[in-house]
$ cat coords.cif   # mmCIF, C-alpha atoms
data_entry
loop_
_atom_site.label_atom_id
_atom_site.label_comp_id
_atom_site.auth_asym_id
_atom_site.auth_seq_id
_atom_site.Cartn_x
_atom_site.Cartn_y
_atom_site.Cartn_z
CA MET A 55 0.00 0.00 0.00
CA ARG A 56 1.69 3.17 -1.18
CA SER A 57 -1.19 5.56 -1.18
CA ARG A 58 0.04 9.09 -0.60
CA ARG A 59 -3.32 10.77 -0.72
CA THR A 60 -4.65 12.15 2.53
CA LYS A 61 -7.56 9.90 3.36
CA SER A 62 -9.81 12.77 4.38
CA GLU A 63 -9.73 14.32 0.91
CA PRO A 64 -13.08 13.96 -0.81
CA PRO A 65 -13.20 12.55 -4.34
CA HIS A 66 -12.97 15.18 -7.08
CA ARG A 67 -11.40 17.51 -4.54
CA PHE A 68 -9.52 19.27 -7.34
CA SER A 69 -11.93 18.87 -10.25
CA TYR A 70 -13.01 22.54 -10.46
CA ASP A 71 -16.18 21.80 -12.40
CA GLY A 72 -17.20 25.44 -11.98
CA LEU A 73 -14.48 26.59 -14.39
CA ASP A 74 -16.94 27.17 -17.25
CA ARG A 75 -15.05 26.46 -20.47
CA VAL A 76 -16.72 29.34 -22.31
CA ILE A 77 -15.24 31.75 -19.77
CA HIS A 78 -11.97 29.93 -19.02
CA GLU A 79 -10.45 30.27 -22.50
CA ARG A 80 -7.62 32.79 -22.17
CA ALA A 81 -8.76 35.37 -24.72
CA ARG A 82 -12.32 35.27 -23.40
CA LEU A 83 -11.08 35.66 -19.83
CA SER A 84 -9.23 38.71 -21.05
CA ILE A 85 -12.33 40.15 -22.77
CA LEU A 86 -14.58 39.53 -19.76
CA THR A 87 -12.15 41.10 -17.30
CA SER A 88 -11.86 44.16 -19.56
CA LEU A 89 -15.65 44.46 -19.76
CA LEU A 90 -16.11 43.89 -16.03
CA ALA A 91 -13.70 46.77 -15.49
CA HIS A 92 -15.71 48.92 -17.91
CA PRO A 93 -19.37 48.35 -17.14
CA LYS A 94 -20.45 51.14 -19.49
CA GLY A 95 -18.94 49.20 -22.35
CA LEU A 96 -15.93 49.41 -24.61
CA VAL A 97 -15.78 50.07 -28.32
CA PHE A 98 -14.22 47.36 -30.46
CA GLY A 99 -10.91 49.17 -30.93
CA GLU A 100 -10.47 49.75 -27.21
CA LEU A 101 -11.14 46.11 -26.44
CA LEU A 102 -8.64 45.10 -29.14
CA GLU A 103 -5.99 47.23 -27.50
CA LEU A 104 -6.66 46.13 -23.92
CA CYS A 105 -6.72 42.43 -24.79
CA GLY A 106 -3.90 42.43 -27.33
CA LEU A 107 -5.94 40.34 -29.78
CA THR A 108 -6.19 40.48 -33.56
CA ASP A 109 -9.44 41.70 -35.18
CA GLY A 110 -10.31 38.17 -36.29
CA ASN A 111 -9.66 36.61 -32.92
CA LEU A 112 -11.60 39.26 -31.04
CA ASN A 113 -14.54 38.85 -33.41
CA ARG A 114 -14.50 35.09 -33.07
CA HIS A 115 -14.39 35.15 -29.27
CA LEU A 116 -17.05 37.88 -29.05
CA GLN A 117 -19.34 35.64 -31.09
CA VAL A 118 -18.84 32.79 -28.62
CA LEU A 119 -19.51 35.11 -25.67
CA GLN A 120 -22.54 36.60 -27.38
CA SER A 121 -24.01 33.15 -28.14
CA ALA A 122 -23.58 32.30 -24.45
CA LYS A 123 -25.39 35.57 -23.57
CA LEU A 124 -22.41 36.79 -21.58
CA VAL A 125 -21.90 39.95 -23.64
CA THR A 126 -23.81 42.14 -26.03
CA VAL A 127 -22.28 43.62 -29.15
CA SER A 128 -24.16 46.52 -30.69
CA ARG A 129 -23.55 48.82 -33.61
CA GLU A 130 -24.24 52.33 -32.40
CA THR A 131 -24.61 55.50 -34.42
CA GLY A 132 -23.94 58.97 -33.10
CA PRO A 133 -22.42 62.27 -34.21
CA GLY A 134 -19.33 60.52 -35.61
CA ARG A 135 -19.10 57.26 -37.51
CA PRO A 136 -20.92 54.20 -36.16
CA GLN A 137 -19.09 52.23 -33.50
CA THR A 138 -19.37 48.68 -32.30
CA THR A 139 -19.82 48.67 -28.53
CA CYS A 140 -19.34 45.59 -26.35
CA ARG A 141 -20.84 45.22 -22.89
CA ILE A 142 -21.01 42.49 -20.29
CA THR A 143 -24.62 41.46 -19.56
CA SER A 144 -25.92 41.27 -16.00
CA SER A 145 -26.16 37.47 -16.18
CA GLY A 146 -22.69 37.47 -17.74
CA ARG A 147 -21.42 39.45 -14.81
CA ARG A 148 -23.00 37.02 -12.37
CA ARG A 149 -21.60 33.98 -14.16
CA PHE A 150 -18.19 35.57 -14.42
CA LEU A 151 -18.18 36.29 -10.67
CA ASP A 152 -19.15 32.65 -10.01
CA TYR A 153 -16.27 31.57 -12.23
CA LEU A 154 -13.89 33.89 -10.37
CA ALA A 155 -14.90 32.34 -7.05
CA VAL A 156 -13.73 28.95 -8.39
CA LEU A 157 -10.51 30.53 -9.61
CA GLU A 158 -10.02 31.88 -6.10
CA GLN A 159 -10.47 28.32 -4.82
CA VAL A 160 -7.71 27.10 -7.17
CA LEU A 161 -5.40 29.79 -5.80
CA ASP A 162 -6.30 28.93 -2.23
CA ASP A 163 -5.66 25.23 -2.85
CA ALA A 164 -2.35 25.95 -4.56
CA SER A 165 -1.33 28.42 -1.89
CA GLY A 166 -2.08 25.90 0.86
CA ALA A 167 -0.17 23.24 -1.04
CA ARG A 168 2.84 25.49 -1.48
CA ASP A 169 2.91 26.52 2.16
CA ALA A 170 2.55 22.92 3.36
CA ASP A 171 5.52 21.92 1.25
CA SER A 172 8.52 23.33 3.04
CA ARG A 173 11.30 21.58 1.16
CA PRO A 174 14.25 23.98 1.33
CA ASP A 175 15.44 23.23 -2.22
CA LEU A 176 12.34 24.76 -3.73
CA PRO A 177 12.17 28.42 -4.78
CA SER A 178 9.97 30.58 -2.65
CA VAL A 179 7.84 32.28 -5.28
CA SER A 180 5.12 34.53 -3.98
CA VAL A 181 1.74 33.50 -5.28
CA ARG A 182 -0.51 35.53 -3.08
CA GLY A 183 1.46 38.78 -3.02
CA MET B 300 -15.56 60.98 -29.12
CA ARG B 301 -17.12 58.21 -27.10
CA SER B 302 -14.06 56.50 -25.74
CA ARG B 303 -14.81 54.97 -22.38
CA ARG B 304 -11.39 53.59 -21.70
CA THR B 305 -9.38 55.30 -19.00
CA LYS B 306 -6.60 57.04 -20.85
CA SER B 307 -3.93 55.93 -18.40
CA GLU B 308 -4.50 52.24 -19.10
CA PRO B 309 -1.57 50.74 -20.97
CA PRO B 310 -2.22 48.72 -24.14
CA HIS B 311 -2.67 44.99 -23.56
CA ARG B 312 -3.54 45.78 -19.94
CA PHE B 313 -5.74 42.69 -19.76
CA SER B 314 -3.95 40.36 -22.18
CA TYR B 315 -2.57 37.94 -19.56
CA ASP B 316 0.10 36.51 -21.83
CA GLY B 317 1.51 34.60 -18.86
CA LEU B 318 -1.48 32.25 -18.82
CA ASP B 319 0.46 29.39 -20.41
CA ARG B 320 -2.05 27.38 -22.46
CA VAL B 321 -0.48 24.06 -21.49
CA ILE B 322 -1.25 24.81 -17.85
CA HIS B 323 -4.47 26.79 -18.29
CA GLU B 324 -6.58 23.95 -19.73
CA ARG B 325 -9.05 23.00 -16.99
CA ALA B 326 -8.16 19.31 -16.58
CA ARG B 327 -4.43 20.10 -16.57
CA LEU B 328 -4.96 22.86 -14.00
CA SER B 329 -6.71 20.25 -11.90
CA ILE B 330 -3.87 17.74 -12.29
CA LEU B 331 -1.17 20.29 -11.49
CA THR B 332 -2.96 21.57 -8.39
CA SER B 333 -3.36 17.99 -7.16
CA LEU B 334 0.33 17.29 -7.73
CA LEU B 335 1.43 20.57 -6.16
CA ALA B 336 -0.58 19.54 -3.10
CA HIS B 337 1.15 16.14 -3.10
CA PRO B 338 4.83 16.75 -3.82
CA LYS B 339 5.73 13.11 -3.10
CA GLY B 340 3.54 12.09 -6.00
CA LEU B 341 0.19 10.44 -6.57
CA VAL B 342 -0.59 7.10 -8.12
CA PHE B 343 -2.74 7.14 -11.23
CA GLY B 344 -5.90 6.01 -9.42
CA GLU B 345 -5.60 8.69 -6.77
CA LEU B 346 -5.15 11.39 -9.38
CA LEU B 347 -8.18 10.05 -11.26
CA GLU B 348 -10.26 10.37 -8.14
CA LEU B 349 -9.05 13.82 -7.11
CA CYS B 350 -9.50 15.30 -10.59
CA GLY B 351 -12.72 13.53 -11.51
CA LEU B 352 -11.38 12.59 -14.95
CA THR B 353 -11.80 9.46 -17.03
CA ASP B 354 -8.82 7.13 -17.58
CA GLY B 355 -8.49 8.23 -21.19
CA ASN B 356 -8.66 11.92 -20.40
CA LEU B 357 -6.17 11.70 -17.56
CA ASN B 358 -3.76 9.76 -19.78
CA ARG B 359 -4.09 12.25 -22.59
CA HIS B 360 -3.48 15.27 -20.36
CA LEU B 361 -0.59 13.59 -18.54
CA GLN B 362 1.07 13.06 -21.91
CA VAL B 363 0.77 16.77 -22.71
CA LEU B 364 2.18 17.71 -19.29
CA GLN B 365 4.97 15.17 -19.63
CA SER B 366 5.97 16.45 -23.07
CA ALA B 367 6.13 19.94 -21.60
CA LYS B 368 8.36 18.55 -18.81
CA LEU B 369 5.90 19.72 -16.15
CA VAL B 370 5.32 16.25 -14.69
CA THR B 371 6.97 12.86 -14.65
CA VAL B 372 5.03 9.61 -14.96
CA SER B 373 6.86 6.49 -13.84
CA ARG B 374 5.93 2.85 -13.54
CA GLU B 375 7.17 1.68 -10.17
CA THR B 376 7.46 -1.85 -8.86
CA GLY B 377 7.38 -2.74 -5.20
CA PRO B 378 6.01 -5.43 -2.91
CA GLY B 379 2.56 -5.23 -4.53
CA ARG B 380 1.67 -4.82 -8.18
CA PRO B 381 3.41 -2.11 -10.21
CA GLN B 382 1.93 1.36 -9.93
CA THR B 383 2.08 4.41 -12.14
CA THR B 384 3.21 7.38 -10.09
CA CYS B 385 2.85 10.99 -11.23
CA ARG B 386 4.91 13.83 -9.84
CA ILE B 387 5.31 17.51 -10.59
CA THR B 388 8.87 18.37 -11.66
CA SER B 389 10.79 21.21 -10.03
CA SER B 390 10.63 23.28 -13.22
CA GLY B 391 6.94 22.36 -13.48
CA ARG B 392 6.43 23.66 -9.98
CA ARG B 393 8.20 26.90 -10.84
CA ARG B 394 6.23 27.40 -14.03
CA PHE B 395 2.98 26.58 -12.29
CA LEU B 396 3.72 29.16 -9.58
CA ASP B 397 4.45 31.74 -12.30
CA TYR B 398 1.13 30.87 -13.90
CA LEU B 399 -0.65 31.22 -10.55
CA ALA B 400 0.81 34.70 -10.10
CA VAL B 401 -0.90 35.74 -13.36
CA LEU B 402 -4.14 34.13 -12.19
CA GLU B 403 -3.84 36.19 -9.03
CA GLN B 404 -3.50 39.27 -11.24
CA VAL B 405 -6.75 38.36 -13.05
CA LEU B 406 -8.50 38.10 -9.69
CA ASP B 407 -7.04 41.41 -8.51
CA ASP B 408 -8.14 43.14 -11.72
CA ALA B 409 -11.61 41.65 -11.51
CA SER B 410 -11.88 42.46 -7.83
CA GLY B 411 -10.88 46.07 -8.42
CA ALA B 412 -13.36 46.28 -11.29
CA ARG B 413 -16.16 44.89 -9.19
CA ASP B 414 -15.48 47.23 -6.29
CA ALA B 415 -15.24 50.26 -8.56
CA ASP B 416 -18.62 49.44 -10.01
CA SER B 417 -21.11 50.31 -7.30
CA ARG B 418 -24.33 50.14 -9.28
CA PRO B 419 -26.99 49.17 -6.72
CA ASP B 420 -28.88 46.85 -9.11
CA LEU B 421 -25.96 44.44 -9.28
CA PRO B 422 -25.62 41.47 -6.96
CA SER B 423 -22.85 41.72 -4.45
CA VAL B 424 -21.10 38.42 -4.93
CA SER B 425 -17.97 37.89 -2.89
CA VAL B 426 -15.00 37.09 -5.09
CA ARG B 427 -12.18 37.48 -2.63
CA GLY B 428 -13.82 35.93 0.42
#
$ encode --input "coords.cif" --output "structure tokens"
Amino acid sequence: MRSRRTKSEPPHRFSYDGLDRVIHERARLSILTSLLAHPKGLVFGELLELCGLTDGNLNRHLQVLQSAKLVTVSRETGPGRPQTTCRITSSGRRRFLDYLAVLEQVLDDASGARDADSRPDLPSVSVRG
Amino acid sequence: MRSRRTKSEPPHRFSYDGLDRVIHERARLSILTSLLAHPKGLVFGELLELCGLTDGNLNRHLQVLQSAKLVTVSRETGPGRPQTTCRITSSGRRRFLDYLAVLEQVLDDASGARDADSRPDLPSVSVRG
């Protein structure tokens, strides 16, 4: 018997089912964080710049997020030329906050794991600041 | 002019380039957190249970992690029947901690965004505990 797992650990302890794949993809995580930080919305060019994505990639990921009802993308006319404005929806905001709570759990688990492991040969990299 | 972006924000502010795609995939994030929490290693069956993955999926993701030199997978013989033991490598540990620091940045950004946005119609979901 060479089991190294702590017996008290429940099954699927580290499965993180709440990490919604639609949100978890890196570019989409980037878009959603940008939009959470700008609840009044961002025009396409601003979002491009903040996320460091190409036009094609941003369009593709916005379509995925729009299909999932996490964001809205609307063509708006005004005094200047029409602009495409992206906004996080209120259910998108809620789902993103739920996702972030699971991400926080990952960090807590990893932080606990790192602190418990006090082998002196390992670098002491700060995870939690 | 309808720019809503704060002018002081640098370009690519939310690009999170450090979210290494090999690590970021949900199942692999699960595997790496399990192995970080168990530096002496886990046998295949334990890892299966902790991550809630199927045999095939766990095998597939372990191969990706092994190719990236983040984990080692070794067949070990002892008094009982041979067991497959998985361990995080020291460079894997370092890279995973670097990844986690970026994840922490995502949470900080999102937390700041949520706190800055005080619209009363929005639910107050706790992200940071």
$ closest_residue --input "coords.cif" --among "A:Ser128, A:Asn111, A:Ser165, A:Ser69" --to "chain B" --atoms "only C-alpha atoms"
A:Ser69
$ calpha_fit_and_write --input "coords.cif" --fixed "chain A" --moving "chain B" --output "PDB file with C-alpha atoms, in the frame of the given file"
ATOM      1  CA  MET B 300       0.105   0.060   0.209  1.00  0.00           C
ATOM      2  CA  ARG B 301       1.741   3.167  -1.154  1.00  0.00           C
ATOM      3  CA  SER B 302      -1.164   5.554  -1.190  1.00  0.00           C
ATOM      4  CA  ARG B 303       0.042   9.081  -0.648  1.00  0.00           C
ATOM      5  CA  ARG B 304      -3.309  10.761  -0.740  1.00  0.00           C
ATOM      6  CA  THR B 305      -4.618  12.108   2.535  1.00  0.00           C
ATOM      7  CA  LYS B 306      -7.514   9.859   3.393  1.00  0.00           C
ATOM      8  CA  SER B 307      -9.781  12.730   4.385  1.00  0.00           C
ATOM      9  CA  GLU B 308      -9.700  14.290   0.922  1.00  0.00           C
ATOM     10  CA  PRO B 309     -13.052  13.948  -0.804  1.00  0.00           C
ATOM     11  CA  PRO B 310     -13.189  12.534  -4.345  1.00  0.00           C
ATOM     12  CA  HIS B 311     -12.994  15.156  -7.091  1.00  0.00           C
ATOM     13  CA  ARG B 312     -11.403  17.513  -4.562  1.00  0.00           C
ATOM     14  CA  PHE B 313      -9.509  19.272  -7.343  1.00  0.00           C
ATOM     15  CA  SER B 314     -11.925  18.872 -10.258  1.00  0.00           C
ATOM     16  CA  TYR B 315     -13.023  22.530 -10.457  1.00  0.00           C
ATOM     17  CA  ASP B 316     -16.187  21.802 -12.402  1.00  0.00           C
ATOM     18  CA  GLY B 317     -17.201  25.443 -11.989  1.00  0.00           C
ATOM     19  CA  LEU B 318     -14.490  26.580 -14.402  1.00  0.00           C
ATOM     20  CA  ASP B 319     -16.950  27.172 -17.242  1.00  0.00           C
ATOM     21  CA  ARG B 320     -15.061  26.476 -20.481  1.00  0.00           C
ATOM     22  CA  VAL B 321     -16.732  29.359 -22.305  1.00  0.00           C
ATOM     23  CA  ILE B 322     -15.239  31.765 -19.778  1.00  0.00           C
ATOM     24  CA  HIS B 323     -11.982  29.943 -19.032  1.00  0.00           C
ATOM     25  CA  GLU B 324     -10.451  30.263 -22.516  1.00  0.00           C
ATOM     26  CA  ARG B 325      -7.620  32.790 -22.177  1.00  0.00           C
ATOM     27  CA  ALA B 326      -8.764  35.377 -24.741  1.00  0.00           C
ATOM     28  CA  ARG B 327     -12.337  35.270 -23.415  1.00  0.00           C
ATOM     29  CA  LEU B 328     -11.085  35.655 -19.839  1.00  0.00           C
ATOM     30  CA  SER B 329      -9.234  38.714 -21.063  1.00  0.00           C
ATOM     31  CA  ILE B 330     -12.321  40.147 -22.775  1.00  0.00           C
ATOM     32  CA  LEU B 331     -14.575  39.540 -19.778  1.00  0.00           C
ATOM     33  CA  THR B 332     -12.133  41.104 -17.320  1.00  0.00           C
ATOM     34  CA  SER B 333     -11.854  44.164 -19.568  1.00  0.00           C
ATOM     35  CA  LEU B 334     -15.635  44.465 -19.774  1.00  0.00           C
ATOM     36  CA  LEU B 335     -16.113  43.895 -16.048  1.00  0.00           C
ATOM     37  CA  ALA B 336     -13.681  46.769 -15.507  1.00  0.00           C
ATOM     38  CA  HIS B 337     -15.695  48.935 -17.917  1.00  0.00           C
ATOM     39  CA  PRO B 338     -19.370  48.343 -17.159  1.00  0.00           C
ATOM     40  CA  LYS B 339     -20.462  51.151 -19.505  1.00  0.00           C
ATOM     41  CA  GLY B 340     -18.948  49.220 -22.373  1.00  0.00           C
ATOM     42  CA  LEU B 341     -15.931  49.420 -24.637  1.00  0.00           C
ATOM     43  CA  VAL B 342     -15.768  50.072 -28.340  1.00  0.00           C
ATOM     44  CA  PHE B 343     -14.232  47.351 -30.470  1.00  0.00           C
ATOM     45  CA  GLY B 344     -10.914  49.173 -30.930  1.00  0.00           C
ATOM     46  CA  GLU B 345     -10.468  49.748 -27.220  1.00  0.00           C
ATOM     47  CA  LEU B 346     -11.133  46.105 -26.453  1.00  0.00           C
ATOM     48  CA  LEU B 347      -8.640  45.102 -29.153  1.00  0.00           C
ATOM     49  CA  GLU B 348      -6.002  47.221 -27.508  1.00  0.00           C
ATOM     50  CA  LEU B 349      -6.671  46.128 -23.932  1.00  0.00           C
ATOM     51  CA  CYS B 350      -6.730  42.421 -24.804  1.00  0.00           C
ATOM     52  CA  GLY B 351      -3.916  42.424 -27.339  1.00  0.00           C
ATOM     53  CA  LEU B 352      -5.948  40.343 -29.800  1.00  0.00           C
ATOM     54  CA  THR B 353      -6.215  40.480 -33.569  1.00  0.00           C
ATOM     55  CA  ASP B 354      -9.451  41.692 -35.202  1.00  0.00           C
ATOM     56  CA  GLY B 355     -10.334  38.178 -36.309  1.00  0.00           C
ATOM     57  CA  ASN B 356      -9.674  36.621 -32.931  1.00  0.00           C
ATOM     58  CA  LEU B 357     -11.609  39.263 -31.037  1.00  0.00           C
ATOM     59  CA  ASN B 358     -14.558  38.851 -33.410  1.00  0.00           C
ATOM     60  CA  ARG B 359     -14.517  35.098 -33.069  1.00  0.00           C
ATOM     61  CA  HIS B 360     -14.419  35.165 -29.267  1.00  0.00           C
ATOM     62  CA  LEU B 361     -17.070  37.886 -29.050  1.00  0.00           C
ATOM     63  CA  GLN B 362     -19.364  35.650 -31.083  1.00  0.00           C
ATOM     64  CA  VAL B 363     -18.867  32.794 -28.616  1.00  0.00           C
ATOM     65  CA  LEU B 364     -19.530  35.116 -25.661  1.00  0.00           C
ATOM     66  CA  GLN B 365     -22.562  36.602 -27.378  1.00  0.00           C
ATOM     67  CA  SER B 366     -24.051  33.181 -28.120  1.00  0.00           C
ATOM     68  CA  ALA B 367     -23.608  32.319 -24.456  1.00  0.00           C
ATOM     69  CA  LYS B 368     -25.409  35.586 -23.577  1.00  0.00           C
ATOM     70  CA  LEU B 369     -22.403  36.800 -21.580  1.00  0.00           C
ATOM     71  CA  VAL B 370     -21.894  39.962 -23.642  1.00  0.00           C
ATOM     72  CA  THR B 371     -23.821  42.147 -26.035  1.00  0.00           C
ATOM     73  CA  VAL B 372     -22.287  43.632 -29.176  1.00  0.00           C
ATOM     74  CA  SER B 373     -24.166  46.541 -30.706  1.00  0.00           C
ATOM     75  CA  ARG B 374     -23.544  48.840 -33.628  1.00  0.00           C
ATOM     76  CA  GLU B 375     -24.249  52.350 -32.425  1.00  0.00           C
ATOM     77  CA  THR B 376     -24.625  55.509 -34.460  1.00  0.00           C
ATOM     78  CA  GLY B 377     -23.958  58.963 -33.110  1.00  0.00           C
ATOM     79  CA  PRO B 378     -22.451  62.257 -34.220  1.00  0.00           C
ATOM     80  CA  GLY B 379     -19.354  60.516 -35.614  1.00  0.00           C
ATOM     81  CA  ARG B 380     -19.115  57.262 -37.522  1.00  0.00           C
ATOM     82  CA  PRO B 381     -20.935  54.199 -36.180  1.00  0.00           C
ATOM     83  CA  GLN B 382     -19.108  52.240 -33.509  1.00  0.00           C
ATOM     84  CA  THR B 383     -19.373  48.683 -32.290  1.00  0.00           C
ATOM     85  CA  THR B 384     -19.822  48.683 -28.535  1.00  0.00           C
ATOM     86  CA  CYS B 385     -19.338  45.607 -26.352  1.00  0.00           C
ATOM     87  CA  ARG B 386     -20.830  45.242 -22.905  1.00  0.00           C
ATOM     88  CA  ILE B 387     -21.012  42.508 -20.305  1.00  0.00           C
ATOM     89  CA  THR B 388     -24.611  41.477 -19.567  1.00  0.00           C
ATOM     90  CA  SER B 389     -25.922  41.291 -16.010  1.00  0.00           C
ATOM     91  CA  SER B 390     -26.156  37.497 -16.190  1.00  0.00           C
ATOM     92  CA  GLY B 391     -22.680  37.484 -17.755  1.00  0.00           C
ATOM     93  CA  ARG B 392     -21.416  39.478 -14.818  1.00  0.00           C
ATOM     94  CA  ARG B 393     -23.000  37.044 -12.381  1.00  0.00           C
ATOM     95  CA  ARG B 394     -21.611  34.005 -14.154  1.00  0.00           C
ATOM     96  CA  PHE B 395     -18.189  35.580 -14.422  1.00  0.00           C
ATOM     97  CA  LEU B 396     -18.171  36.303 -10.677  1.00  0.00           C
ATOM     98  CA  ASP B 397     -19.142  32.668 -10.017  1.00  0.00           C
ATOM     99  CA  TYR B 398     -16.270  31.586 -12.235  1.00  0.00           C
ATOM    100  CA  LEU B 399     -13.880  33.900 -10.379  1.00  0.00           C
ATOM    101  CA  ALA B 400     -14.897  32.347  -7.063  1.00  0.00           C
ATOM    102  CA  VAL B 401     -13.725  28.958  -8.395  1.00  0.00           C
ATOM    103  CA  LEU B 402     -10.492  30.542  -9.618  1.00  0.00           C
ATOM    104  CA  GLU B 403     -10.010  31.891  -6.116  1.00  0.00           C
ATOM    105  CA  GLN B 404     -10.458  28.335  -4.837  1.00  0.00           C
ATOM    106  CA  VAL B 405      -7.697  27.114  -7.193  1.00  0.00           C
ATOM    107  CA  LEU B 406      -5.392  29.799  -5.816  1.00  0.00           C
ATOM    108  CA  ASP B 407      -6.291  28.931  -2.222  1.00  0.00           C
ATOM    109  CA  ASP B 408      -5.641  25.233  -2.859  1.00  0.00           C
ATOM    110  CA  ALA B 409      -2.348  25.954  -4.574  1.00  0.00           C
ATOM    111  CA  SER B 410      -1.331  28.404  -1.884  1.00  0.00           C
ATOM    112  CA  GLY B 411      -2.077  25.897   0.862  1.00  0.00           C
ATOM    113  CA  ALA B 412      -0.158  23.237  -1.056  1.00  0.00           C
ATOM    114  CA  ARG B 413       2.836  25.479  -1.494  1.00  0.00           C
ATOM    115  CA  ASP B 414       2.924  26.490   2.155  1.00  0.00           C
ATOM    116  CA  ALA B 415       2.558  22.906   3.341  1.00  0.00           C
ATOM    117  CA  ASP B 416       5.522  21.908   1.238  1.00  0.00           C
ATOM    118  CA  SER B 417       8.538  23.336   3.017  1.00  0.00           C
ATOM    119  CA  ARG B 418      11.309  21.545   1.163  1.00  0.00           C
ATOM    120  CA  PRO B 419      14.290  23.922   1.349  1.00  0.00           C
ATOM    121  CA  ASP B 420      15.481  23.194  -2.217  1.00  0.00           C
ATOM    122  CA  LEU B 421      12.366  24.752  -3.710  1.00  0.00           C
ATOM    123  CA  PRO B 422      12.179  28.396  -4.713  1.00  0.00           C
ATOM    124  CA  SER B 423       9.954  30.523  -2.577  1.00  0.00           C
ATOM    125  CA  VAL B 424       7.842  32.247  -5.175  1.00  0.00           C
ATOM    126  CA  SER B 425       5.104  34.490  -3.866  1.00  0.00           C
ATOM    127  CA  VAL B 426       1.718  33.475  -5.210  1.00  0.00           C
ATOM    128  CA  ARG B 427      -0.552  35.483  -2.982  1.00  0.00           C
ATOM    129  CA  GLY B 428       1.467  38.690  -2.795  1.00  0.00           C
TER     130      GLY B 428
END
$ atom_distance --input "coords.cif" --atom1 "CA of Gly132 (chain A)" --atom2 "CA of Leu83 (chain A)"
29.7 Å
$ residues_around --input "coords.cif" --residues "Asp319 (chain B)" --least-positions-apart "3" --cutoff "7 Å" --atoms "all atoms listed in the file" --output "list in words"
Ile322, His323 and Tyr398 of chain B
$ resolve_selection --input "coords.cif" --expression "the PyMOL selection byres ((chain A) within 6 of (chain B))" --output "ChimeraX atom specification"
/A:65-69,84,87,90-91,103-106,155,164,167,181
$ resolve_selection --input "coords.cif" --expression "the PyMOL selection byres ((chain A and resi 120) around 12)" --output "MDAnalysis selection string"
chainID A and resid 76:77 82 85:86 112:119 121:128 140:143 145:146
